[in-house]
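Q: Sharing a structure with you now.
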Amino acid sequence: MDSQAQIKGMLDQKVWAVVGATDNEDKFGHKIYKMLKKAGYRVFPINPGLQTVMGDECYPSLTALPEKPDAVNFVVPPKVGEKIVAECAVLGIKNIWLQPGANSDNVVNAAKKADLNVICQSCILVEARK
């Protein structure tokens with residue numbers, strides 16, 4: 001279970017990437033990206049299928065970002081998530097937040113094996129409102 005101290009520490013990070021960001025307002029990738037921006041975080045959208053999200057330049061991968069984010073929020077299927085965990089480890093990104101649905105055992109185990117700080121039981125939309 002994710003501890004409140006761990007969640008607060010993650011929410012204190014200032015620069016985020018949202019893997020699975022989208023312009024589709026019905027999707028959590030859009031809701032999370034929008035909430036983080038509105039809350040004053042610096043946020044980068046990651047989605048290889050899009051050029052922009054909410055008018056912001058969208059990046060195909062974490063490697064393509066102009067700077068390393070402090071934390072990464074995952075809103076993608078577990079198959080994609082495993083690859084992103086490996087990318088985080090290579091880039092030295094230590095903080096990851098796996099949204100419900102992205103938090104399969106194999107992704108969580110890959111993150112722990114890579115010695116990443118992982119939140120895997122909580123939704124950032126709920127926790128950021130507390």
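In the structure tokens, chains take letters A, B, ... by order of appearance, with residues numbered from 1 within each chain and ligands from 1 in the order shown.
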Using DSSP secondary structure from the backbone, list all strand (DSSP E or B) positions within chain A, as JSON, numbers by chain.
A: {"A": [15, 16, 17, 18, 19, 42, 43, 44, 45, 46, 52, 53, 56, 57, 59, 71, 72, 73, 74, 95, 96, 97, 98, 117, 118, 119]}
Q: Taking only C-alpha atoms into account, produce a table as CSV in which each residue of region 33-67 of chain A with an atom at most 12 Å from an atom of region 88-105 of chain A appears once, together with its shortest atom pair and the distance in Å to one decimal, ordered by chain and rising number.
A:
residue,atom,partner,partner_atom,distance
A:Ser61,CA,A:Cys88,CA,10.3
A:Leu62,CA,A:Cys88,CA,7.6
A:Thr63,CA,A:Leu91,CA,7.4
A:Ala64,CA,A:Leu91,CA,10.9
A:Leu65,CA,A:Leu91,CA,10.8
A:Glu67,CA,A:Leu91,CA,10.5
Q: So that I can check the surroundings of Gly49 (chain A), please list as a tab-separated table (two decimals) with N, CA and C atoms, in the first residue's frame every protein, DNA and RNA residue that reaches within 8 Å of it, counting only C-alpha atoms and ignoring chain neighbours fewer than 2 positions away.
A:
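To be explicit, this is the file written out as result-v7.tsv:
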chain	number	residue	atom	x	y	z
A	47	ASN	N	3.08	10.83	-25.88
A	47	ASN	CA	2.21	9.97	-26.67
A	47	ASN	C	2.76	9.96	-28.10
A	51	GLN	N	0.85	14.94	-32.00
A	51	GLN	CA	1.78	16.06	-32.13
A	51	GLN	C	1.63	17.05	-30.97
A	60	PRO	N	7.23	11.86	-28.28
A	60	PRO	CA	7.01	10.43	-28.53
A	60	PRO	C	7.53	9.52	-27.42
Q: Which polymer residues have any atom within 9 Å of an atom of Gly29 (chain A), counting only C-alpha atoms, with same-chain residues fewer than 2 positions away left out, as a PyMOL selection string?
A: chain A and resi 18-27+31-34+45+74-76
Q: Restricting the output to N, CA, C and O atoms, write the selected residues as an mmCIF file, in the first residue's frame.
A:
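Contents of the output file again.cif:
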data_model
loop_
_atom_site.group_PDB
_atom_site.id
_atom_site.type_symbol
_atom_site.label_atom_id
_atom_site.label_comp_id
_atom_site.auth_asym_id
_atom_site.auth_seq_id
_atom_site.Cartn_x
_atom_site.Cartn_y
_atom_site.Cartn_z
ATOM 1 N N VAL A 18 3.424 12.851 -18.373
ATOM 2 C CA VAL A 18 2.262 11.969 -18.359
ATOM 3 C C VAL A 18 2.339 11.093 -19.609
ATOM 4 O O VAL A 18 2.158 11.576 -20.728
ATOM 5 N N VAL A 19 2.652 9.819 -19.398
ATOM 6 C CA VAL A 19 2.739 8.866 -20.500
ATOM 7 C C VAL A 19 1.328 8.347 -20.766
ATOM 8 O O VAL A 19 0.704 7.752 -19.896
ATOM 9 N N GLY A 20 0.841 8.643 -21.960
ATOM 10 C CA GLY A 20 -0.533 8.308 -22.305
ATOM 11 C C GLY A 20 -1.421 9.543 -22.321
ATOM 12 O O GLY A 20 -2.645 9.443 -22.366
ATOM 13 N N ALA A 21 -0.811 10.727 -22.299
ATOM 14 C CA ALA A 21 -1.568 11.980 -22.377
ATOM 15 C C ALA A 21 -2.327 12.021 -23.703
ATOM 16 O O ALA A 21 -1.868 11.486 -24.720
ATOM 17 N N THR A 22 -3.485 12.643 -23.691
ATOM 18 C CA THR A 22 -4.328 12.702 -24.880
ATOM 19 C C THR A 22 -5.238 13.920 -24.844
ATOM 20 O O THR A 22 -5.465 14.494 -23.770
ATOM 21 N N ASP A 23 -5.764 14.282 -26.012
ATOM 22 C CA ASP A 23 -6.752 15.359 -26.086
ATOM 23 C C ASP A 23 -8.174 14.846 -25.872
ATOM 24 O O ASP A 23 -9.103 15.638 -25.769
ATOM 25 N N ASN A 24 -8.353 13.539 -25.822
ATOM 26 C CA ASN A 24 -9.674 12.954 -25.613
ATOM 27 C C ASN A 24 -10.103 13.205 -24.167
ATOM 28 O O ASN A 24 -9.579 12.591 -23.240
ATOM 29 N N GLU A 25 -11.046 14.116 -23.988
ATOM 30 C CA GLU A 25 -11.450 14.560 -22.644
ATOM 31 C C GLU A 25 -12.063 13.458 -21.791
ATOM 32 O O GLU A 25 -12.165 13.600 -20.578
ATOM 33 N N ASP A 26 -12.489 12.363 -22.409
ATOM 34 C CA ASP A 26 -13.074 11.246 -21.660
ATOM 35 C C ASP A 26 -12.012 10.329 -21.050
ATOM 36 O O ASP A 26 -12.317 9.508 -20.196
ATOM 37 N N LYS A 27 -10.774 10.470 -21.489
ATOM 38 C CA LYS A 27 -9.706 9.568 -21.057
ATOM 39 C C LYS A 27 -8.956 10.145 -19.852
ATOM 40 O O LYS A 27 -8.795 11.351 -19.713
ATOM 41 N N LYS A 31 -7.437 13.924 -18.387
ATOM 42 C CA LYS A 31 -7.829 14.467 -17.080
ATOM 43 C C LYS A 31 -6.617 14.692 -16.174
ATOM 44 O O LYS A 31 -6.523 15.712 -15.495
ATOM 45 N N ILE A 32 -5.691 13.744 -16.178
ATOM 46 C CA ILE A 32 -4.495 13.860 -15.336
ATOM 47 C C ILE A 32 -3.583 14.972 -15.842
ATOM 48 O O ILE A 32 -3.099 15.796 -15.061
ATOM 49 N N TYR A 33 -3.363 15.016 -17.149
ATOM 50 C CA TYR A 33 -2.515 16.057 -17.731
ATOM 51 C C TYR A 33 -3.088 17.443 -17.402
ATOM 52 O O TYR A 33 -2.376 18.327 -16.926
ATOM 53 N N LYS A 34 -4.378 17.603 -17.600
ATOM 54 C CA LYS A 34 -5.051 18.884 -17.347
ATOM 55 C C LYS A 34 -4.975 19.265 -15.868
ATOM 56 O O LYS A 34 -4.683 20.411 -15.525
ATOM 57 N N PRO A 45 3.518 16.137 -22.040
ATOM 58 C CA PRO A 45 2.715 15.009 -22.522
ATOM 59 C C PRO A 45 3.581 14.044 -23.335
ATOM 60 O O PRO A 45 4.406 14.476 -24.139
ATOM 61 N N PHE A 74 1.941 7.138 -15.289
ATOM 62 C CA PHE A 74 1.652 6.148 -16.334
ATOM 63 C C PHE A 74 0.146 5.980 -16.489
ATOM 64 O O PHE A 74 -0.532 5.599 -15.541
ATOM 65 N N VAL A 75 -0.351 6.240 -17.700
ATOM 66 C CA VAL A 75 -1.759 6.017 -18.030
ATOM 67 C C VAL A 75 -1.777 5.175 -19.313
ATOM 68 O O VAL A 75 -2.335 5.586 -20.328
ATOM 69 N N VAL A 76 -1.097 4.039 -19.263
ATOM 70 C CA VAL A 76 -0.943 3.174 -20.434
ATOM 71 C C VAL A 76 -1.133 1.715 -20.025
ATOM 72 O O VAL A 76 -1.006 1.377 -18.844
#
Q: Have a look at A:Phe28, A:Tyr59, A:Phe44, A:Trp16 and name the one nearest to Cys123 (chain A); count only C-alpha atoms.
A: A:Phe28
Q: Which residue out of A:Ala39, A:Leu11, A:Cys58, A:Ala111 has the minimum interatomic distance to Val85 (chain A) when only C-alpha atoms are used?
A: A:Ala111
Q: Rounded to one decimal place, report the CA of Ala71 (chain A)-CA of Leu50 (chain A) distance in Å.
A: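 Spanning CA of Ala71 (chain A) to CA of Leu50 (chain A) is a straight-line distance of 21.0 Å.
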Q: Mind checking DSSP for chain A and telling me the alpha helix (DSSP H) residues as a PyMOL selection string?
A: chain A and resi 4-11+28-38+78-91+105-113+124-127
Q: Filtering to C-alpha atoms, could you give me those residues as an mmCIF file, in the first residue's frame?
A:
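The new file out_9.cif reads:
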data_model
loop_
_atom_site.group_PDB
_atom_site.id
_atom_site.type_symbol
_atom_site.label_atom_id
_atom_site.label_comp_id
_atom_site.auth_asym_id
_atom_site.auth_seq_id
_atom_site.Cartn_x
_atom_site.Cartn_y
_atom_site.Cartn_z
ATOM 1 C CA GLN A 4 0.684 9.117 2.608
ATOM 2 C CA ALA A 5 4.270 10.322 3.105
ATOM 3 C CA GLN A 6 5.313 8.640 -0.155
ATOM 4 C CA ILE A 7 2.325 10.162 -1.979
ATOM 5 C CA LYS A 8 3.025 13.640 -0.560
ATOM 6 C CA GLY A 9 6.693 13.336 -1.516
ATOM 7 C CA MET A 10 5.735 12.438 -5.063
ATOM 8 C CA LEU A 11 3.212 15.295 -5.293
ATOM 9 C CA PHE A 28 -7.716 9.665 -17.833
ATOM 10 C CA GLY A 29 -4.611 10.659 -19.806
ATOM 11 C CA HIS A 30 -6.347 13.964 -20.556
ATOM 12 C CA LYS A 31 -7.829 14.467 -17.080
ATOM 13 C CA ILE A 32 -4.495 13.860 -15.336
ATOM 14 C CA TYR A 33 -2.515 16.057 -17.731
ATOM 15 C CA LYS A 34 -5.051 18.884 -17.347
ATOM 16 C CA MET A 35 -5.193 18.579 -13.535
ATOM 17 C CA LEU A 36 -1.402 18.671 -13.159
ATOM 18 C CA LYS A 37 -1.131 21.743 -15.404
ATOM 19 C CA LYS A 38 -3.958 23.506 -13.588
ATOM 20 C CA PRO A 78 0.928 -2.776 -18.771
ATOM 21 C CA LYS A 79 2.690 -3.958 -21.962
ATOM 22 C CA VAL A 80 3.639 -0.347 -22.709
ATOM 23 C CA GLY A 81 4.337 0.364 -19.035
ATOM 24 C CA GLU A 82 7.095 -2.231 -18.817
ATOM 25 C CA LYS A 83 9.010 -0.486 -21.609
ATOM 26 C CA ILE A 84 8.510 2.918 -19.961
ATOM 27 C CA VAL A 85 9.817 1.590 -16.615
ATOM 28 C CA ALA A 86 12.985 0.472 -18.411
ATOM 29 C CA GLU A 87 13.269 3.912 -20.063
ATOM 30 C CA CYS A 88 12.880 5.616 -16.659
ATOM 31 C CA ALA A 89 15.645 3.455 -15.207
ATOM 32 C CA VAL A 90 18.021 4.271 -18.088
ATOM 33 C CA LEU A 91 17.268 8.017 -17.836
ATOM 34 C CA ASP A 105 2.269 -6.967 -11.097
ATOM 35 C CA ASN A 106 4.849 -7.207 -13.882
ATOM 36 C CA VAL A 107 5.134 -3.391 -14.153
ATOM 37 C CA VAL A 108 5.298 -2.934 -10.367
ATOM 38 C CA ASN A 109 7.915 -5.675 -10.064
ATOM 39 C CA ALA A 110 9.984 -4.179 -12.912
ATOM 40 C CA ALA A 111 9.886 -0.784 -11.163
ATOM 41 C CA LYS A 112 10.935 -2.264 -7.813
ATOM 42 C CA LYS A 113 13.702 -4.293 -9.468
ATOM 43 C CA ILE A 124 -3.301 10.889 -8.646
ATOM 44 C CA LEU A 125 -6.641 12.613 -9.360
ATOM 45 C CA VAL A 126 -7.908 11.545 -5.933
ATOM 46 C CA GLU A 127 -4.656 12.102 -4.017
#
Q: Please indicate the distance in Å from CA of Leu116 (chain A) to CA of Val53 (chain A), rounded to one decimal place.
A: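 CA of Val53 (chain A) lies 27.1 Å from CA of Leu116 (chain A).
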Q: Just how far from CA of Lys68 (chain A) is CA of Pro48 (chain A), in Å to one decimal?
A: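 So the two atoms, CA of Pro48 (chain A) and CA of Lys68 (chain A), lie 17.5 Å apart.
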